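See structure below.
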Amino acid sequence: MGGRHRTDELDDGYGSYGAPSRRRRSGRSKVLVPLAGSVALAVLLGVAAFVIINRDQEGCSGDEVALRVTASPDIQPAVARIADRFNKAGHDVDGKCATVKVTKAASATVAAGLSGSGGKVGAMDLWIPDSSLWVTGARAKNPDVPAPGASVAQSPVVMVASGSMVSNLKKAFGDASWSGMISATNAANVDGPGRKVRVLALDPSLNAAGLGALLAASGVATAAGIGQEQLVGAMKTLSGSTVKDQEALLASLGVKGRRTPLGISSEQGVWAFNTGKKPEVPAVPLYPAEGTFNLDYPVVVTAKDAEVRKAAAEFTEELGTDAARKDLQDLGFRTPDGKGGATISEADGFQAEAPQALDMPDAKTVARMSQSWSRMNLGTRLVTLLDVSGTMALPVNAAGMTRMQAIGRIAIEGMKLFPASSEMGLWEFSTHLDGQGVDYREVVSVGPLTETVDGMLRRDLLNQKLATVQAKATGDTGLNDSLAAAYKMMKDGYQSDKINTILIMTDGAGNDDPDGGMSNQEIVQFLKKEFDPEKPVSIILIAFGPEAAKGKRQMDALAKATNGDAYIAKDILEIRKFFLDGMARRLCSPHC
């Protein structure tokens, strides 16, 4: 404490620039000066090396510009790998370090959130969905959604089968094609390839590959002149065999059954399943002959902040580098120009050359298909009014089949087209069926087909009643009063999540009621007044018998009053076409 401080040392450790010592040793000084310089240089180089090494290990130091990326779950691992390399390299944005964090979210969920139609969207600056179809759909509902930018990768929509079943498929189905898929799923063609092949589809409302397949099949069918009936039949069949999860669909392909399963998937999804799950028999992609749509993984910049947008531009550029493309190819994706990597080899059933790409449909086409699928999958709430008047006991052929039996078979055949989630009921109509002046009788109440009624499932009960119903020998045809009562019942119990329909099965739409009741003109006016476009209950009439044509004019009037339709059946097999036509009307209801 009492000694003097040394004048050649300062508190910060640096040497003093004071006067030199009188006892100078020139030789030693010549050595120390360059040595001191070397030490200083070494210290500086060491600091620089530490900064560089530390930066490589932990990203940029100082202020950061955080870029939040949300990617489709299938491509998220590749994007995260690219982001990690991007972060380590250190990218400067206005003097700050750009850092990227990648999370995953289902594209359908993000699209719904952006469009305002539902779904929760987390904090996000850049979005990479699996297809620009989602962006197109979202922009149709919300024009403020940014347009899609550059494509990051590509993966064709393919058909897929278990490797052990490909040969059986080719025998029953031929080469893979969208037209073949329509033929195999056409509900009106009971003797078609659908007897041997079961097509499993991905839900188009949740999966871009499923939507792409539907759009491709529809486009091919339209170009080939395939009628609306076949398209509706295919959609109806597919709606009953959709799978929400692609991995679950691929896993089910190896399950043996009466029919050979054929699925829909992205090409990358097939690769990921084979690589990750390692099934005993790998799944094999089948490339449609007409070409296909590609999942295109576009970049959508949603950030508003200028600095974050610059970071997004930097990262987008990184996604297009050779290193990034190799990362994507290594995980089963193709580059935006269709080039696959070593993971996609013909030895594994993959096609090295990119399949022919179909033109991406416009926004209206995408919206129309999405709406059609949604409407096709609406539930059904239907009551059948079955004519049991005396004329229904008359024979229709030499074998002695009665009109009643024929109509019953038609109704049973039609019911096969409706899924178990449908709600149905059955009324009979003639005259005085439920007491004097009451021309109708409830045989089976309207309710879920899977519900138990009188000890058996409603579907089974309906089939039983339709197969055993008897005509009332002395009964007349009190159609109009019965229809008015049924219409009021269906309207009062209207369900907005279902297509509400009254199906009339008769040998003619005439009203023969000796007690009077509503006239033909009065029932038409009643229906026009009661019909509510906001809560539509439509009427479908099917007549079978030699006198059916005579009542066609009145049938058309009843149907038209409720945006329904009327048909005259000449053959029982026509019933599927009539029911499918009726289902097609739900695509345009209530403005058909």
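Naming works like this for the structure tokens: A, B, ... for the chains as they're shown, residue 1 at the start of each chain, ligands 1 onward in shown order.
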Secondary structure check, strand (DSSP E or B) residues of range 109-270 of chain A, as a VMD selection string | chain A and resid 126 to 128 151 154 to 162 197 to 202 242 to 243 260 to 266
For range 127-130 of chain A, work out the shell of residues within 8 Å, counting only C-alpha atoms and skipping chain neighbours fewer than 5 positions away, then give it as a VMD selection string.
-> chain A and resid 69 to 72 74 to 75 106 to 107 208 295 to 302
Excluding Gln246 in chain A and its own-chain neighbours fewer than 6 positions away, which residues fall within 8 Å of it when counting only C-alpha atoms? Please give them as a short mmCIF file (atom, residue, chain, number, x, y, z; two decimals) with all heavy atoms, in the first residue's frame.
data_model
loop_
_atom_site.label_atom_id
_atom_site.label_comp_id
_atom_site.auth_asym_id
_atom_site.auth_seq_id
_atom_site.Cartn_x
_atom_site.Cartn_y
_atom_site.Cartn_z
N LEU A 202 -57.86 -39.97 -50.85
CA LEU A 202 -57.57 -39.04 -49.76
C LEU A 202 -58.62 -37.95 -49.77
O LEU A 202 -59.01 -37.47 -50.84
CB LEU A 202 -56.18 -38.44 -49.93
CG LEU A 202 -55.02 -39.42 -49.74
CD1 LEU A 202 -53.73 -38.83 -50.27
CD2 LEU A 202 -54.86 -39.80 -48.28
N SER A 265 -51.90 -41.04 -53.74
CA SER A 265 -50.86 -40.51 -52.86
C SER A 265 -49.99 -39.54 -53.65
O SER A 265 -50.09 -39.46 -54.87
CB SER A 265 -50.00 -41.67 -52.32
OG SER A 265 -48.89 -41.19 -51.57
N GLY A 269 -44.83 -39.19 -50.83
CA GLY A 269 -45.49 -39.92 -49.74
C GLY A 269 -45.22 -41.41 -49.83
O GLY A 269 -45.05 -42.08 -48.81
#
Atomic separation - CA of Gly435 in chain A relative to CA of Ser482 in chain A, Å =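 According to the coordinates, CA of Ser482 in chain A and CA of Gly435 in chain A are separated by 13.4 Å.
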Can you tell me, as a list of chain:residue names, what residues are no more than 12 Å from Gly113 in chain A when counting only C-alpha atoms, ignoring any on the same chain fewer than 4 positions away?
-> A:Ala105, A:Ala106, A:Ser107, A:Ala108, A:Thr109, A:Ser117, A:Gly118, A:Gly119, A:Lys120, A:Val121, A:Gly122, A:Ala123, A:Met124, A:Trp134, A:Val135, A:Gly137, A:Ala138, A:Arg139, A:Lys141, A:Asn142, A:Val145
When DSSP works through the backbone of this structure, what residues of range 238-305 of chain A end up as helix (DSSP H, G or I), shown as a ChimeraX atom specification?
-> /A:238-239,246-252,267-277
Emit the selected residues as a PDB file, in the first residue's frame, including N, CA, C and O atoms.
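And here's result28.pdb as it stands now:
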ATOM      1  N   LEU A 238     -66.287 -42.534 -54.154  1.00  0.00           N
ATOM      2  CA  LEU A 238     -65.076 -42.067 -53.474  1.00  0.00           C
ATOM      3  C   LEU A 238     -65.398 -41.453 -52.121  1.00  0.00           C
ATOM      4  O   LEU A 238     -64.611 -41.560 -51.174  1.00  0.00           O
ATOM      5  N   SER A 239     -66.555 -40.787 -52.037  1.00  0.00           N
ATOM      6  CA  SER A 239     -66.920 -40.159 -50.768  1.00  0.00           C
ATOM      7  C   SER A 239     -67.122 -41.187 -49.671  1.00  0.00           C
ATOM      8  O   SER A 239     -67.019 -40.872 -48.482  1.00  0.00           O
ATOM      9  N   GLN A 246     -52.711 -39.965 -45.168  1.00  0.00           N
ATOM     10  CA  GLN A 246     -52.034 -40.641 -46.278  1.00  0.00           C
ATOM     11  C   GLN A 246     -51.295 -41.888 -45.812  1.00  0.00           C
ATOM     12  O   GLN A 246     -51.305 -42.918 -46.489  1.00  0.00           O
ATOM     13  N   GLU A 247     -50.673 -41.812 -44.655  1.00  0.00           N
ATOM     14  CA  GLU A 247     -49.925 -42.961 -44.142  1.00  0.00           C
ATOM     15  C   GLU A 247     -50.856 -44.130 -43.847  1.00  0.00           C
ATOM     16  O   GLU A 247     -50.529 -45.291 -44.123  1.00  0.00           O
ATOM     17  N   ALA A 248     -52.042 -43.830 -43.303  1.00  0.00           N
ATOM     18  CA  ALA A 248     -53.014 -44.889 -43.018  1.00  0.00           C
ATOM     19  C   ALA A 248     -53.486 -45.532 -44.313  1.00  0.00           C
ATOM     20  O   ALA A 248     -53.689 -46.750 -44.384  1.00  0.00           O
ATOM     21  N   LEU A 249     -53.686 -44.722 -45.349  1.00  0.00           N
ATOM     22  CA  LEU A 249     -54.096 -45.258 -46.646  1.00  0.00           C
ATOM     23  C   LEU A 249     -53.032 -46.213 -47.181  1.00  0.00           C
ATOM     24  O   LEU A 249     -53.341 -47.327 -47.619  1.00  0.00           O
ATOM     25  N   LEU A 250     -51.781 -45.794 -47.145  1.00  0.00           N
ATOM     26  CA  LEU A 250     -50.704 -46.618 -47.686  1.00  0.00           C
ATOM     27  C   LEU A 250     -50.551 -47.916 -46.895  1.00  0.00           C
ATOM     28  O   LEU A 250     -50.288 -48.978 -47.469  1.00  0.00           O
ATOM     29  N   ALA A 251     -50.745 -47.844 -45.596  1.00  0.00           N
ATOM     30  CA  ALA A 251     -50.626 -49.040 -44.758  1.00  0.00           C
ATOM     31  C   ALA A 251     -51.727 -50.049 -45.070  1.00  0.00           C
ATOM     32  O   ALA A 251     -51.529 -51.259 -44.918  1.00  0.00           O
ATOM     33  N   SER A 252     -52.885 -49.567 -45.506  1.00  0.00           N
ATOM     34  CA  SER A 252     -54.023 -50.464 -45.762  1.00  0.00           C
ATOM     35  C   SER A 252     -53.933 -51.163 -47.113  1.00  0.00           C
ATOM     36  O   SER A 252     -54.701 -52.090 -47.377  1.00  0.00           O
ATOM     37  N   GLU A 267     -46.120 -38.859 -54.813  1.00  0.00           N
ATOM     38  CA  GLU A 267     -44.971 -39.733 -55.052  1.00  0.00           C
ATOM     39  C   GLU A 267     -44.042 -39.732 -53.844  1.00  0.00           C
ATOM     40  O   GLU A 267     -43.562 -40.789 -53.413  1.00  0.00           O
ATOM     41  N   GLN A 268     -43.791 -38.545 -53.288  1.00  0.00           N
ATOM     42  CA  GLN A 268     -42.916 -38.449 -52.125  1.00  0.00           C
ATOM     43  C   GLN A 268     -43.498 -39.201 -50.936  1.00  0.00           C
ATOM     44  O   GLN A 268     -42.775 -39.783 -50.139  1.00  0.00           O
ATOM     45  N   GLY A 269     -44.834 -39.195 -50.828  1.00  0.00           N
ATOM     46  CA  GLY A 269     -45.487 -39.920 -49.742  1.00  0.00           C
ATOM     47  C   GLY A 269     -45.224 -41.410 -49.830  1.00  0.00           C
ATOM     48  O   GLY A 269     -45.049 -42.083 -48.808  1.00  0.00           O
ATOM     49  N   VAL A 270     -45.204 -41.949 -51.048  1.00  0.00           N
ATOM     50  CA  VAL A 270     -44.899 -43.364 -51.239  1.00  0.00           C
ATOM     51  C   VAL A 270     -43.462 -43.649 -50.795  1.00  0.00           C
ATOM     52  O   VAL A 270     -43.194 -44.623 -50.084  1.00  0.00           O
ATOM     53  N   TRP A 271     -42.544 -42.785 -51.234  1.00  0.00           N
ATOM     54  CA  TRP A 271     -41.136 -42.961 -50.842  1.00  0.00           C
ATOM     55  C   TRP A 271     -40.979 -42.891 -49.322  1.00  0.00           C
ATOM     56  O   TRP A 271     -40.292 -43.719 -48.723  1.00  0.00           O
ATOM     57  N   ALA A 272     -41.594 -41.903 -48.699  1.00  0.00           N
ATOM     58  CA  ALA A 272     -41.473 -41.723 -47.250  1.00  0.00           C
ATOM     59  C   ALA A 272     -42.050 -42.921 -46.502  1.00  0.00           C
ATOM     60  O   ALA A 272     -41.491 -43.360 -45.487  1.00  0.00           O
ATOM     61  N   PHE A 273     -43.154 -43.469 -46.991  1.00  0.00           N
ATOM     62  CA  PHE A 273     -43.766 -44.637 -46.344  1.00  0.00           C
ATOM     63  C   PHE A 273     -42.831 -45.840 -46.443  1.00  0.00           C
ATOM     64  O   PHE A 273     -42.589 -46.526 -45.446  1.00  0.00           O
ATOM     65  N   ASN A 274     -42.307 -46.096 -47.623  1.00  0.00           N
ATOM     66  CA  ASN A 274     -41.416 -47.245 -47.803  1.00  0.00           C
ATOM     67  C   ASN A 274     -40.139 -47.096 -46.985  1.00  0.00           C
ATOM     68  O   ASN A 274     -39.632 -48.063 -46.413  1.00  0.00           O
ATOM     69  N   THR A 275     -39.641 -45.864 -46.914  1.00  0.00           N
ATOM     70  CA  THR A 275     -38.386 -45.616 -46.205  1.00  0.00           C
ATOM     71  C   THR A 275     -38.578 -45.628 -44.693  1.00  0.00           C
ATOM     72  O   THR A 275     -37.772 -46.202 -43.959  1.00  0.00           O
ATOM     73  N   GLY A 276     -39.641 -44.998 -44.228  1.00  0.00           N
ATOM     74  CA  GLY A 276     -39.868 -44.879 -42.794  1.00  0.00           C
ATOM     75  C   GLY A 276     -40.491 -46.105 -42.167  1.00  0.00           C
ATOM     76  O   GLY A 276     -40.076 -46.543 -41.086  1.00  0.00           O
ATOM     77  N   LYS A 277     -41.489 -46.684 -42.825  1.00  0.00           N
ATOM     78  CA  LYS A 277     -42.209 -47.828 -42.249  1.00  0.00           C
ATOM     79  C   LYS A 277     -41.589 -49.167 -42.625  1.00  0.00           C
ATOM     80  O   LYS A 277     -41.823 -50.170 -41.961  1.00  0.00           O
TER      81      LYS A 277
END
Counting only C-alpha atoms, what is within 7 Å of Gly564 in chain A, bar same-chain residues fewer than 5 positions away, as a list of chain:residue names?
-> A:Ser538, A:Ile539, A:Ile540, A:Ala559
Test item: residues at most 12 Å from range 370-375 of chain A, only C-alpha atoms, excluding those fewer than 3 positions along its chain, as a PyMOL selection string = chain A and resi 133-134+136-138+140+203-208+210-212+214-215+218+231-232+234-240+242+363-367+378-380+496-499+583-590
Considering only C-alpha atoms, return as an MDAnalysis selection string whatever protein or nucleic-acid residues lie within 10 Å of Gln521 in chain A, sequence-local ones (same chain, fewer than 6 positions apart) excluded.
-> chainID A and resid 480 554 557:558
Determine the nearest neighbour of Gly425 in chain A from the options A:Lys104, A:Lys88, A:Lys278, A:Arg441, counting only C-alpha atoms.
-> A:Arg441
Identify which of the residues A:Ser131, A:Asp507, A:Asp556, A:Lys196 lies closest to Lys256 in chain A, counting only C-alpha atoms when measuring atom-to-atom distances.
->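 Under the stated criterion, the closest residue is A:Lys196.
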Hey, which of A:Ile523, A:Ala485, A:Val220, A:Val388 ends up closest to Thr562 in chain A? Count only C-alpha atoms.
->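 Smallest distance to Thr562 in chain A is found for A:Ile523.
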